[in-house]
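Enquirer: My structure file query-v5.tsv, TSV, C-alpha atoms, is below:
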chain	number	residue	atom	x	y	z
A	1	MET	CA	-35.12	-31.58	-36.91
A	2	LYS	CA	-38.70	-31.08	-35.72
A	3	LYS	CA	-40.04	-27.74	-34.51
A	4	GLY	CA	-40.48	-29.01	-30.92
A	5	GLN	CA	-36.91	-30.26	-30.82
A	6	LYS	CA	-35.62	-26.89	-32.08
A	7	LEU	CA	-37.52	-25.03	-29.34
A	8	THR	CA	-36.15	-27.41	-26.70
A	9	LEU	CA	-32.63	-26.93	-28.03
A	10	LYS	CA	-32.99	-23.12	-27.95
A	11	LYS	CA	-34.33	-23.25	-24.38
A	12	ASN	CA	-31.41	-25.43	-23.27
A	13	ARG	CA	-28.94	-23.05	-24.90
A	14	PHE	CA	-30.63	-20.08	-23.24
A	15	LYS	CA	-30.50	-21.78	-19.83
A	16	GLY	CA	-26.86	-22.67	-20.42
A	17	ARG	CA	-26.00	-19.06	-21.21
A	18	ILE	CA	-27.84	-17.83	-18.11
A	19	LEU	CA	-25.93	-20.30	-15.93
A	20	LEU	CA	-22.67	-19.30	-17.59
A	21	TRP	CA	-23.21	-15.58	-16.97
A	22	LEU	CA	-24.37	-16.24	-13.42
A	23	GLY	CA	-21.18	-18.19	-12.80
A	24	ILE	CA	-19.06	-15.38	-14.28
A	25	ALA	CA	-20.91	-12.77	-12.19
A	26	LEU	CA	-20.42	-14.82	-9.02
A	27	PHE	CA	-16.73	-15.25	-9.78
A	28	LEU	CA	-16.31	-11.50	-10.38
A	29	ILE	CA	-18.12	-10.65	-7.15
A	30	ILE	CA	-15.92	-13.00	-5.12
A	31	THR	CA	-12.78	-11.67	-6.82
A	32	VAL	CA	-13.56	-7.94	-6.85
A	33	ILE	CA	-15.07	-7.46	-3.37
A	34	PRO	CA	-11.78	-7.97	-1.43
A	35	PHE	CA	-10.01	-5.42	-3.65
A	36	TYR	CA	-12.91	-3.00	-3.36
A	37	TRP	CA	-12.93	-3.33	0.42
A	38	MET	CA	-9.16	-2.85	0.60
A	39	PHE	CA	-9.35	0.28	-1.56
A	40	LEU	CA	-12.33	1.70	0.36
A	41	THR	CA	-10.77	1.05	3.78
A	42	SER	CA	-7.58	2.88	2.79
A	43	PHE	CA	-9.62	6.09	2.30
A	44	ARG	CA	-11.90	5.74	5.33
A	45	PRO	CA	-11.38	7.55	8.63
A	46	ASP	CA	-10.70	5.32	11.64
A	47	VAL	CA	-14.17	5.99	13.05
A	48	GLU	CA	-15.80	4.32	10.04
A	49	ILE	CA	-13.27	1.49	9.86
A	50	TYR	CA	-14.10	0.30	13.38
A	51	SER	CA	-17.83	1.10	13.28
A	52	TRP	CA	-20.47	-1.63	13.25
A	53	PRO	CA	-22.23	-2.61	11.07
A	54	PRO	CA	-19.72	-1.90	8.29
A	55	LYS	CA	-20.83	0.29	5.40
A	56	LEU	CA	-20.37	-0.65	1.77
A	57	PHE	CA	-19.89	3.00	0.80
A	58	THR	CA	-18.47	6.13	2.36
A	59	SER	CA	-18.67	9.85	1.74
A	60	ASN	CA	-15.91	10.82	4.18
A	61	PHE	CA	-12.85	10.14	2.05
A	62	THR	CA	-9.51	10.96	3.68
A	63	LEU	CA	-5.84	10.70	2.73
A	64	ILE	CA	-4.64	10.55	6.32
A	65	HIS	CA	-3.63	6.88	6.10
A	66	TYR	CA	-1.47	7.51	3.03
A	67	ILE	CA	0.11	10.57	4.63
A	68	LYS	CA	0.94	8.61	7.80
A	69	LEU	CA	2.24	5.71	5.74
A	70	PHE	CA	4.88	7.86	4.03
A	71	THR	CA	5.70	10.16	6.96
A	72	LYS	CA	5.39	8.01	10.09
A	73	SER	CA	6.49	4.58	8.90
A	74	LYS	CA	9.34	2.97	6.97
A	75	PHE	CA	7.10	2.01	4.06
A	76	PRO	CA	9.07	4.14	1.54
A	77	ILE	CA	12.16	2.07	2.43
A	78	PHE	CA	10.20	-1.17	2.00
A	79	LEU	CA	8.93	0.02	-1.37
A	80	LYS	CA	12.41	1.00	-2.57
A	81	ASN	CA	13.82	-2.38	-1.48
A	82	SER	CA	11.09	-4.30	-3.30
A	83	ILE	CA	11.58	-2.36	-6.53
A	84	LEU	CA	15.37	-2.73	-6.43
A	85	ILE	CA	15.40	-6.44	-5.55
A	86	SER	CA	12.65	-7.39	-8.02
A	87	ALA	CA	14.34	-5.48	-10.85
A	88	ILE	CA	17.75	-7.08	-10.22
A	89	VAL	CA	16.28	-10.57	-9.88
A	90	THR	CA	14.25	-10.16	-13.07
A	91	LEU	CA	17.17	-8.87	-15.13
A	92	ILE	CA	19.65	-11.55	-14.08
A	93	THR	CA	17.05	-14.35	-14.12
A	94	VAL	CA	15.94	-13.60	-17.67
A	95	THR	CA	19.57	-13.43	-18.85
A	96	ILE	CA	20.52	-16.77	-17.27
A	97	SER	CA	17.25	-18.50	-18.14
A	98	SER	CA	17.20	-17.49	-21.79
A	99	MET	CA	20.68	-18.99	-22.29
A	100	GLY	CA	19.75	-22.09	-20.30
A	101	ALA	CA	16.52	-22.67	-22.23
A	102	PHE	CA	18.36	-22.06	-25.52
A	103	SER	CA	21.01	-24.67	-24.70
A	104	ILE	CA	18.38	-27.27	-23.78
A	105	VAL	CA	16.23	-26.67	-26.87
A	106	ARG	CA	18.81	-25.99	-29.57
A	107	LEU	CA	21.93	-27.88	-28.45
A	108	GLN	CA	21.44	-31.60	-28.76
A	109	PHE	CA	23.10	-33.35	-25.85
A	110	LYS	CA	22.47	-36.45	-23.82
A	111	ASN	CA	19.67	-36.33	-21.21
A	112	SER	CA	18.46	-32.86	-22.25
A	113	ALA	CA	14.83	-34.00	-21.83
A	114	PHE	CA	15.61	-35.30	-18.34
A	115	LEU	CA	17.29	-32.00	-17.49
A	116	SER	CA	14.26	-29.96	-18.55
A	117	LYS	CA	11.97	-32.14	-16.41
A	118	SER	CA	14.37	-31.84	-13.49
A	119	ILE	CA	14.21	-28.05	-13.76
A	120	LEU	CA	10.42	-28.16	-13.51
A	121	PHE	CA	10.69	-30.48	-10.51
A	122	THR	CA	13.12	-28.02	-8.87
A	123	TYR	CA	10.59	-25.22	-9.27
A	124	LEU	CA	7.89	-27.34	-7.63
A	125	ILE	CA	9.93	-27.93	-4.45
A	126	PRO	CA	8.25	-25.94	-1.62
A	127	GLN	CA	10.15	-22.93	-0.32
A	128	ALA	CA	9.66	-24.13	3.26
A	129	ILE	CA	11.99	-27.06	2.51
A	130	LEU	CA	14.73	-24.90	1.02
A	131	PHE	CA	14.99	-21.97	3.39
A	132	ILE	CA	17.02	-23.83	6.06
A	133	PRO	CA	19.85	-24.99	3.72
A	134	LEU	CA	19.68	-21.61	2.01
A	135	LEU	CA	20.12	-19.92	5.37
A	136	VAL	CA	23.33	-21.91	5.92
A	137	VAL	CA	24.65	-20.89	2.49
A	138	ILE	CA	23.75	-17.25	3.01
A	139	ASN	CA	25.49	-17.21	6.40
A	140	LYS	CA	28.62	-18.74	4.85
A	141	LEU	CA	28.58	-15.99	2.22
A	142	ASN	CA	28.10	-13.30	4.92
A	143	LEU	CA	24.96	-12.06	3.18
A	144	PHE	CA	22.50	-12.50	6.04
A	145	ASN	CA	20.33	-9.43	6.71
A	146	THR	CA	21.20	-7.84	3.37
A	147	LYS	CA	19.30	-7.28	0.15
A	148	TRP	CA	21.73	-9.62	-1.64
A	149	ALA	CA	20.52	-12.48	0.56
A	150	LEU	CA	17.10	-12.07	-1.04
A	151	VAL	CA	18.52	-11.67	-4.54
A	152	VAL	CA	20.51	-14.92	-4.22
A	153	SER	CA	17.68	-16.87	-2.62
A	154	TYR	CA	15.06	-15.72	-5.14
A	155	TYR	CA	17.01	-17.36	-7.95
A	156	THR	CA	16.11	-20.77	-6.49
A	157	PHE	CA	12.54	-20.38	-7.74
A	158	SER	CA	12.79	-17.67	-10.41
A	159	VAL	CA	15.43	-19.34	-12.63
A	160	PRO	CA	13.76	-22.80	-12.81
A	161	PHE	CA	10.38	-21.19	-13.50
A	162	CYS	CA	11.75	-18.91	-16.19
A	163	ILE	CA	13.76	-21.69	-17.90
A	164	TRP	CA	10.74	-23.99	-17.91
A	165	MET	CA	8.58	-21.25	-19.43
A	166	LEU	CA	11.14	-20.29	-22.10
A	167	ILE	CA	11.79	-23.92	-23.09
A	168	SER	CA	8.18	-24.19	-24.25
A	169	TYR	CA	8.42	-20.91	-26.12
A	170	PHE	CA	11.77	-21.57	-27.81
A	171	LYS	CA	10.42	-24.88	-29.09
A	172	SER	CA	7.71	-22.94	-30.95
A	173	VAL	CA	10.29	-20.73	-32.72
A	174	PRO	CA	11.50	-22.36	-35.98
A	175	PRO	CA	15.30	-22.78	-36.11
A	176	ASP	CA	15.55	-21.93	-39.83
A	177	MET	CA	16.53	-18.30	-39.30
A	178	GLU	CA	19.30	-19.25	-36.88
A	179	GLU	CA	20.64	-21.86	-39.27
A	180	CYS	CA	20.70	-19.31	-42.11
A	181	ALA	CA	22.59	-16.87	-39.89
A	182	MET	CA	25.20	-19.52	-39.04
A	183	ILE	CA	25.59	-20.35	-42.72
A	184	ASP	CA	26.29	-16.64	-43.29
A	185	GLY	CA	29.09	-16.75	-40.71
A	186	CYS	CA	27.42	-16.14	-37.34
A	187	THR	CA	28.52	-18.18	-34.37
A	188	ARG	CA	26.01	-20.12	-32.29
A	189	PHE	CA	25.97	-17.36	-29.66
A	190	GLN	CA	25.57	-14.61	-32.27
A	191	SER	CA	22.60	-16.41	-33.80
A	192	PHE	CA	21.17	-16.67	-30.29
A	193	TYR	CA	21.21	-12.99	-29.38
A	194	LYS	CA	20.83	-11.54	-32.89
A	195	ILE	CA	18.14	-13.85	-34.25
A	196	LEU	CA	16.43	-15.91	-31.54
A	197	LEU	CA	16.12	-13.27	-28.82
A	198	PRO	CA	14.34	-10.68	-31.04
A	199	MET	CA	12.00	-13.40	-32.35
A	200	ALA	CA	11.33	-14.65	-28.83
A	201	ALA	CA	10.75	-11.18	-27.35
A	202	PRO	CA	7.07	-11.85	-26.39
A	203	GLY	CA	7.99	-15.04	-24.53
A	204	ILE	CA	10.93	-13.41	-22.78
A	205	GLY	CA	8.73	-10.47	-21.83
A	206	ALA	CA	6.10	-12.78	-20.36
A	207	ALA	CA	8.75	-14.66	-18.39
A	208	ALA	CA	10.17	-11.37	-17.10
A	209	LEU	CA	6.73	-10.21	-15.96
A	210	PHE	CA	6.03	-13.40	-14.06
A	211	THR	CA	9.51	-13.36	-12.54
A	212	PHE	CA	9.05	-9.77	-11.36
A	213	THR	CA	5.69	-10.73	-9.84
A	214	LEU	CA	7.16	-13.72	-8.01
A	215	ALA	CA	9.97	-11.61	-6.55
A	216	TRP	CA	7.62	-8.74	-5.68
A	217	ASN	CA	5.19	-10.94	-3.76
A	218	GLU	CA	7.69	-13.26	-2.03
A	219	PHE	CA	7.26	-13.35	1.75
A	220	LEU	CA	8.99	-16.33	3.40
A	221	TYR	CA	12.60	-15.66	2.40
A	222	ALA	CA	12.22	-11.94	3.03
A	223	LEU	CA	10.94	-12.75	6.52
A	224	VAL	CA	13.70	-15.25	7.40
A	225	PHE	CA	16.78	-13.75	5.73
A	226	THR	CA	16.37	-10.12	6.84
A	227	GLN	CA	16.01	-8.67	10.32
A	228	SER	CA	16.59	-4.92	10.02
A	229	LEU	CA	13.63	-2.83	8.94
A	230	THR	CA	15.90	-1.08	6.44
A	231	GLU	CA	16.32	-4.37	4.55
A	232	LYS	CA	12.68	-5.52	4.55
A	233	THR	CA	10.50	-5.67	1.44
A	234	VAL	CA	6.86	-4.61	1.11
A	235	PRO	CA	5.16	-7.98	1.88
A	236	VAL	CA	7.05	-8.30	5.17
A	237	GLY	CA	7.03	-4.58	5.87
A	238	ILE	CA	3.23	-4.44	5.86
A	239	SER	CA	3.17	-6.88	8.78
A	240	HIS	CA	5.28	-4.41	10.77
A	241	LEU	CA	2.41	-1.93	10.64
A	242	MET	CA	0.79	-4.11	13.32
A	243	LEU	CA	1.91	-3.00	16.78
A	244	SER	CA	1.35	-5.72	19.39
A	245	ASP	CA	-2.41	-6.28	19.30
A	246	VAL	CA	-3.14	-2.98	17.51
A	247	TYR	CA	-3.97	-3.36	13.83
A	248	LYS	CA	-3.60	-0.15	11.85
A	249	TRP	CA	-6.07	-1.23	9.21
A	250	GLY	CA	-6.13	2.09	7.40
A	251	MET	CA	-2.36	2.20	6.91
A	252	MET	CA	-2.19	-1.51	6.11
A	253	MET	CA	-4.83	-1.19	3.40
A	254	ALA	CA	-3.14	1.93	2.02
A	255	ALA	CA	0.15	0.00	1.84
A	256	SER	CA	-1.63	-2.89	0.12
A	257	VAL	CA	-3.15	-0.55	-2.47
A	258	ILE	CA	0.21	1.09	-3.23
A	259	SER	CA	2.02	-2.25	-3.42
A	260	SER	CA	-0.59	-3.51	-5.91
A	261	ILE	CA	-0.23	-0.55	-8.26
A	262	PRO	CA	3.12	-1.49	-9.92
A	263	ILE	CA	1.96	-5.02	-10.78
A	264	VAL	CA	-1.45	-3.84	-12.04
A	265	VAL	CA	0.11	-1.11	-14.18
A	266	ILE	CA	2.73	-3.43	-15.67
A	267	TYR	CA	0.17	-6.11	-16.52
A	268	PHE	CA	-2.27	-3.56	-17.94
A	269	ILE	CA	0.33	-1.96	-20.21
A	270	THR	CA	1.85	-5.24	-21.41
A	271	GLN	CA	-1.33	-7.34	-21.52
A	272	ARG	CA	-1.20	-8.12	-25.23
A	273	PHE	CA	2.54	-8.67	-25.09
A	274	MET	CA	2.21	-11.15	-22.23
A	275	ILE	CA	-0.72	-13.08	-23.72
A	276	THR	CA	1.16	-13.43	-27.02
A	277	GLY	CA	4.15	-14.87	-25.20
A	278	ILE	CA	2.09	-17.34	-23.18
A	279	THR	CA	-0.12	-18.62	-26.02
A	280	ALA	CA	2.73	-18.88	-28.53
A	281	GLY	CA	4.86	-20.77	-26.06
A	282	SER	CA	2.09	-23.25	-25.33
A	283	THR	CA	1.76	-24.51	-28.90
A	284	LYS	CA	4.69	-26.90	-28.62
A	285	GLY	CA	6.67	-28.65	-25.90
What is this structure when it is put down as structure tokens?

Expert:
Amino acid sequence: MKKGQKLTLKKNRFKGRILLWLGIALFLIITVIPFYWMFLTSFRPDVEIYSWPPKLFTSNFTLIHYIKLFTKSKFPIFLKNSILISAIVTLITVTISSMGAFSIVRLQFKNSAFLSKSILFTYLIPQAILFIPLLVVINKLNLFNTKWALVVSYYTFSVPFCIWMLISYFKSVPPDMEECAMIDGCTRFQSFYKILLPMAAPGIGAAALFTFTLAWNEFLYALVFTQSLTEKTVPVGISHLMLSDVYKWGMMMAASVISSIPIVVIYFITQRFMITGITAGSTKG
């Protein structure tokens, strides 16, 4: 390669890197600014929140919005409901989905491939189509306006998603260890929970994290299936901080910050665990 061609190649690479980093910087700015503004607004006094032009920084930090949120609203109840419902949905969903994915991957039966594709299709059905028939079912079960109405309805999207995710992961786990265990006298179910589940822990953990996130952020079913404020979850409860045409931006942003903390903390602590589960499960299937 000639010297002029090498210089041209280096210049093109340099320009490509500059464009790449500019694109990353632009993406970070677009992504981070809303969170920064939410966090800043939650600590601003009302005078600054409604002042014009808005300021990018403040020196008058206050905790008044957080104090009002926990003393003059039902946000603690919303937070407790969200934690309870998300935990129950995650636990039961992972239990059901791990057995369902195991049966599809390991047990050879007719139309298993069609069943796995049907599960993915079920997950892709919009919630807006399902909430009316679900409302009829929930009324028949006398669960309307209870936390169990949300638990039951959340399975319609959490179980298909979790099964679809675990199918891909279980396919990447070699069946040799299970077969050896069955030769040594284990039943199919014993090989499942003694051998496969420990080996598939990263994938199950990733599925549990995503399931918890889906249940934590769900809005439509929580809005339709509950009426009492004592049964509302955080996403719907935040909307109740608006009184008529009065928007309590400080309290709303404080509630948004607090509701973001559990998800951020969980993802931060289990980041490696989750990435391992996702990448390993994407190698096959």

Enquirer: Report, as lines of an AutoDock Vina configuration file, the axis-aligned box around all atoms of stretch 63-82 of chain A present in the file, extended by 4 Å on each side; give centre and edge lengths in Å to one decimal place.

Expert:
center_x = 4.0
center_y = 3.2
center_z = 3.4
size_x = 27.7
size_y = 23.0
size_z = 21.4

Enquirer: Show which residues sit within 9 Å of A:Thr156, as a list of chain:residue names. Count all atoms listed in the file, and ignore same-chain residues fewer than 2 positions away.

Expert: A:Thr122, A:Tyr123, A:Gln127, A:Leu130, A:Val152, A:Ser153, A:Tyr154, A:Ser158, A:Val159, A:Pro160

Enquirer: Output as CSV one row per residue of stretch 34-147 of chain A within 12 Å of stretch 202-221 of chain A: the closest atom pair and its distance in Å to one decimal place, counting only C-alpha atoms, sorted by chain and residue number ascending.

Expert:
residue,atom,partner,partner_atom,distance
A:Phe78,CA,A:Trp216,CA,11.1
A:Leu79,CA,A:Trp216,CA,9.9
A:Lys80,CA,A:Trp216,CA,11.3
A:Asn81,CA,A:Trp216,CA,9.8
A:Ser82,CA,A:Trp216,CA,6.1
A:Ile83,CA,A:Trp216,CA,7.6
A:Leu84,CA,A:Trp216,CA,9.8
A:Ile85,CA,A:Ala215,CA,7.6
A:Ser86,CA,A:Ala215,CA,5.2
A:Ala87,CA,A:Phe212,CA,6.8
A:Ile88,CA,A:Phe212,CA,9.2
A:Val89,CA,A:Ala215,CA,7.2
A:Thr90,CA,A:Phe212,CA,5.5
A:Leu91,CA,A:Ala208,CA,7.7
A:Ile92,CA,A:Ala208,CA,10.0
A:Thr93,CA,A:Thr211,CA,7.8
A:Val94,CA,A:Ala208,CA,6.2
A:Thr95,CA,A:Ile204,CA,9.5
A:Ile96,CA,A:Ile204,CA,11.6
A:Ser97,CA,A:Ala207,CA,9.3
A:Ser98,CA,A:Ile204,CA,7.5
A:Met99,CA,A:Ile204,CA,11.2
A:Ala101,CA,A:Ile204,CA,10.8
A:Phe102,CA,A:Ile204,CA,11.7
A:Pro126,CA,A:Leu220,CA,10.9
A:Gln127,CA,A:Leu220,CA,7.7
A:Ala128,CA,A:Leu220,CA,7.8
A:Ile129,CA,A:Leu220,CA,11.2
A:Leu130,CA,A:Tyr221,CA,9.6
A:Phe131,CA,A:Tyr221,CA,6.8
A:Ile132,CA,A:Tyr221,CA,10.0
A:Pro133,CA,A:Tyr221,CA,11.9
A:Leu134,CA,A:Tyr221,CA,9.3
A:Leu135,CA,A:Tyr221,CA,9.1
A:Ile138,CA,A:Tyr221,CA,11.3
A:Phe144,CA,A:Tyr221,CA,11.0
A:Asn145,CA,A:Tyr221,CA,10.8
A:Thr146,CA,A:Tyr221,CA,11.7
A:Lys147,CA,A:Tyr221,CA,11.0

Enquirer: What does the structure give for the distance between atom CA of A:Lys68 and atom CA of A:Gly237, in Å to one decimal?

Expert: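 Rounded to one decimal, the two atoms are 14.7 Å apart.
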
Enquirer: Figure out the distance between atom CA of A:Thr233 and atom CA of A:Gly250, please, to one decimal in Å.

Expert: 19.3 Å

Enquirer: Give me the residues within 12 Å of A:Tyr247 as a PyMOL selection string, counting only C-alpha atoms and dropping any in the same chain fewer than 4 places off.

Expert: chain A and resi 46+49-50+238-243+251-253

Enquirer: Choose the residue, out of A:Val173, A:Met182, A:Val105, A:Leu22, that has the smallest atom-to-atom separation from A:Leu196; count only C-alpha atoms.

Expert: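 Of all the options, A:Val173 lies closest to A:Leu196.
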
Enquirer: Fewer than 3 positions away in the same chain doesn't count, so skip those; otherwise give me all residues within 12 Å of A:Leu40, counting only C-alpha atoms, as a PDB file with C-alpha atoms, in the frame of the given file.

Expert:
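Okay, around_20.pdb is ready:
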ATOM      1  CA  ILE A  33     -15.070  -7.460  -3.370  1.00  0.00           C
ATOM      2  CA  PRO A  34     -11.780  -7.970  -1.430  1.00  0.00           C
ATOM      3  CA  PHE A  35     -10.010  -5.420  -3.650  1.00  0.00           C
ATOM      4  CA  TYR A  36     -12.910  -3.000  -3.360  1.00  0.00           C
ATOM      5  CA  TRP A  37     -12.930  -3.330   0.420  1.00  0.00           C
ATOM      6  CA  PHE A  43      -9.620   6.090   2.300  1.00  0.00           C
ATOM      7  CA  ARG A  44     -11.900   5.740   5.330  1.00  0.00           C
ATOM      8  CA  PRO A  45     -11.380   7.550   8.630  1.00  0.00           C
ATOM      9  CA  ASP A  46     -10.700   5.320  11.640  1.00  0.00           C
ATOM     10  CA  GLU A  48     -15.800   4.320  10.040  1.00  0.00           C
ATOM     11  CA  ILE A  49     -13.270   1.490   9.860  1.00  0.00           C
ATOM     12  CA  PRO A  54     -19.720  -1.900   8.290  1.00  0.00           C
ATOM     13  CA  LYS A  55     -20.830   0.290   5.400  1.00  0.00           C
ATOM     14  CA  LEU A  56     -20.370  -0.650   1.770  1.00  0.00           C
ATOM     15  CA  PHE A  57     -19.890   3.000   0.800  1.00  0.00           C
ATOM     16  CA  THR A  58     -18.470   6.130   2.360  1.00  0.00           C
ATOM     17  CA  SER A  59     -18.670   9.850   1.740  1.00  0.00           C
ATOM     18  CA  ASN A  60     -15.910  10.820   4.180  1.00  0.00           C
ATOM     19  CA  PHE A  61     -12.850  10.140   2.050  1.00  0.00           C
ATOM     20  CA  THR A  62      -9.510  10.960   3.680  1.00  0.00           C
ATOM     21  CA  LEU A  63      -5.840  10.700   2.730  1.00  0.00           C
ATOM     22  CA  HIS A  65      -3.630   6.880   6.100  1.00  0.00           C
ATOM     23  CA  TRP A 249      -6.070  -1.230   9.210  1.00  0.00           C
ATOM     24  CA  GLY A 250      -6.130   2.090   7.400  1.00  0.00           C
ATOM     25  CA  MET A 251      -2.360   2.200   6.910  1.00  0.00           C
ATOM     26  CA  MET A 253      -4.830  -1.190   3.400  1.00  0.00           C
ATOM     27  CA  ALA A 254      -3.140   1.930   2.020  1.00  0.00           C
ATOM     28  CA  SER A 256      -1.630  -2.890   0.120  1.00  0.00           C
ATOM     29  CA  VAL A 257      -3.150  -0.550  -2.470  1.00  0.00           C
TER      30      VAL A 257
END

Enquirer: Could you please determine the separation between atom CA of A:Phe225 and atom CA of A:Lys140 in Å, to one decimal place?

Expert: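 For atom CA of A:Phe225 relative to atom CA of A:Lys140, the distance reads 12.9 Å.
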
Enquirer: Calculated over all atoms listed in the file, which of the candidates A:Ile163, A:Val137, A:Leu69, A:Val264 has the smallest distance to A:Leu115?

Expert: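 Comparing A:Ile163, A:Val137, A:Leu69, A:Val264 against A:Leu115, the winner is A:Ile163.
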